[in-house]
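Engineer: JSON, C-alpha atoms and all ligand atoms, file my_file-v8.json:
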[["chain", "number", "residue", "atom", "x", "y", "z"],
["A", 1, "MET", "CA", -114.84, 11.75, 106.79],
["A", 2, "LYS", "CA", -112.60, 13.45, 104.21],
["A", 3, "ILE", "CA", -113.76, 13.74, 100.59],
["A", 4, "CYS", "CA", -112.22, 15.21, 97.45],
["A", 5, "GLY", "CA", -113.58, 16.00, 94.01],
["A", 6, "SER", "CA", -113.55, 18.38, 91.08],
["A", 7, "CYS", "CA", -115.74, 20.08, 88.55],
["A", 8, "PHE", "CA", -116.40, 18.20, 85.31],
["A", 9, "CYS", "CA", -113.42, 19.68, 83.39],
["A", 10, "GLY", "CA", -111.05, 19.27, 86.37],
["A", 11, "GLU", "CA", -110.08, 22.97, 86.54],
["A", 12, "ILE", "CA", -111.41, 23.32, 90.10],
["A", 13, "GLU", "CA", -110.57, 20.73, 92.75],
["A", 14, "TYR", "CA", -111.65, 20.58, 96.37],
["A", 15, "THR", "CA", -111.25, 18.61, 99.56],
["A", 16, "ALA", "CA", -113.58, 18.77, 102.54],
["A", 17, "GLU", "CA", -114.04, 17.27, 105.95],
["A", 18, "LEU", "CA", -117.66, 16.11, 106.27],
["A", 19, "GLN", "CA", -119.78, 15.93, 109.35],
["A", 20, "THR", "CA", -121.41, 12.60, 108.52],
["A", 21, "GLU", "CA", -124.16, 13.14, 111.10],
["A", 22, "ALA", "CA", -125.27, 16.21, 109.10],
["A", 23, "VAL", "CA", -125.90, 14.41, 105.77],
["A", 24, "ALA", "CA", -129.42, 14.92, 104.42],
["A", 25, "ILE", "CA", -131.42, 14.01, 101.34],
["A", 26, "CYS", "CA", -133.85, 16.58, 99.98],
["A", 27, "HIS", "CA", -136.63, 15.98, 97.44],
["A", 28, "CYS", "CA", -137.73, 19.61, 96.95],
["A", 29, "ARG", "CA", -138.18, 20.94, 93.41],
["A", 30, "GLY", "CA", -135.05, 23.12, 93.67],
["A", 31, "CYS", "CA", -132.86, 20.15, 94.58],
["A", 32, "GLN", "CA", -134.39, 18.08, 91.78],
["A", 33, "ILE", "CA", -133.50, 20.82, 89.25],
["A", 34, "LEU", "CA", -129.98, 21.25, 90.68],
["A", 35, "SER", "CA", -129.18, 17.55, 90.66],
["A", 36, "GLY", "CA", -131.14, 16.44, 87.59],
["A", 37, "SER", "CA", -132.57, 13.57, 89.63],
["A", 38, "ALA", "CA", -135.36, 12.85, 92.12],
["A", 39, "PHE", "CA", -133.31, 14.07, 95.11],
["A", 40, "ARG", "CA", -130.07, 15.74, 96.13],
["A", 41, "CYS", "CA", -127.72, 14.65, 98.89],
["A", 42, "ASP", "CA", -126.34, 17.53, 100.93],
["A", 43, "THR", "CA", -124.09, 17.98, 103.93],
["A", 44, "ARG", "CA", -122.29, 20.65, 105.84],
["A", 45, "GLY", "CA", -118.52, 20.73, 105.84],
["A", 46, "HIS", "CA", -115.57, 22.89, 106.76],
["A", 47, "GLN", "CA", -112.17, 23.46, 105.18],
["A", 48, "PRO", "CA", -109.46, 21.15, 106.56],
["B", 101, "ZN", "ZN", -134.14, 20.81, 98.59]]
Starting from the file, give its structure as structure tokens.
Ligand SMILES: [Zn+2]
Structural biologist:
Amino acid sequence: MKICGSCFCGEIEYTAELQTEAVAICHCRGCQILSGSAFRCDTRGHQP
């Protein structure tokens, strides 16, 4: 699955090819701080 996005101001843009079988949700304290929510969704990818 291919995704694309950018930072908030739009200065940096990216595209990535995701390995959908490697998607994970983590509830550790570090991921809560990073995401500002109860969990963070993470996956591994590689440059297309
Ligand atoms: Zn975590």
Engineer: Quick one: residues within 7 Å of Arg40 (chain A), all atoms listed in the file, excluding same-chain residues fewer than 5 positions away - as a list in words?
Structural biologist: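 In the requested format, the answer is Ile25, Cys26, His27, Cys31, Gln32 and Ser35 of chain A.
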Engineer: From the set A:Gly36, A:Phe8, A:Gly30, A:Asp42, which residue has the shortest atom-to-atom contact distance to ligand ZN 101 (chain B), counting all atoms listed in the file?
Structural biologist: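 Result for the nearest residue to ligand ZN 101 (chain B): A:Gly30.
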Engineer: Nearest to Ile3 (chain A) among A:Thr43, A:Thr20, A:Ser37, A:Thr15, with distances taken over all atoms listed in the file: which residue is it?
Structural biologist: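 Smallest separation from Ile3 (chain A) among the options: A:Thr15.
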Engineer: Using Å and a single decimal, report how far CA of Gln19 (chain A) sits from atom ZN of ligand ZN 101 (chain B).
Structural biologist: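 Distance reported for this atom pair: 18.6 Å.
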Engineer: Work out how far apart CA of Leu34 (chain A) and CA of Glu17 (chain A) are and give it in Å to one decimal.
Structural biologist: 22.4 Å
Engineer: Calculate how many Å separate CA of Ile33 (chain A) from CA of Cys7 (chain A), rounding to one decimal.
Structural biologist: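 CA of Cys7 (chain A) lies 17.8 Å from CA of Ile33 (chain A).
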Engineer: Have a look at A:Cys4, A:Ala22, A:Glu11, A:Arg29 and name the one nearest to ligand ZN 101 (chain B); count only C-alpha atoms and all ligand atoms.
Structural biologist: A:Arg29
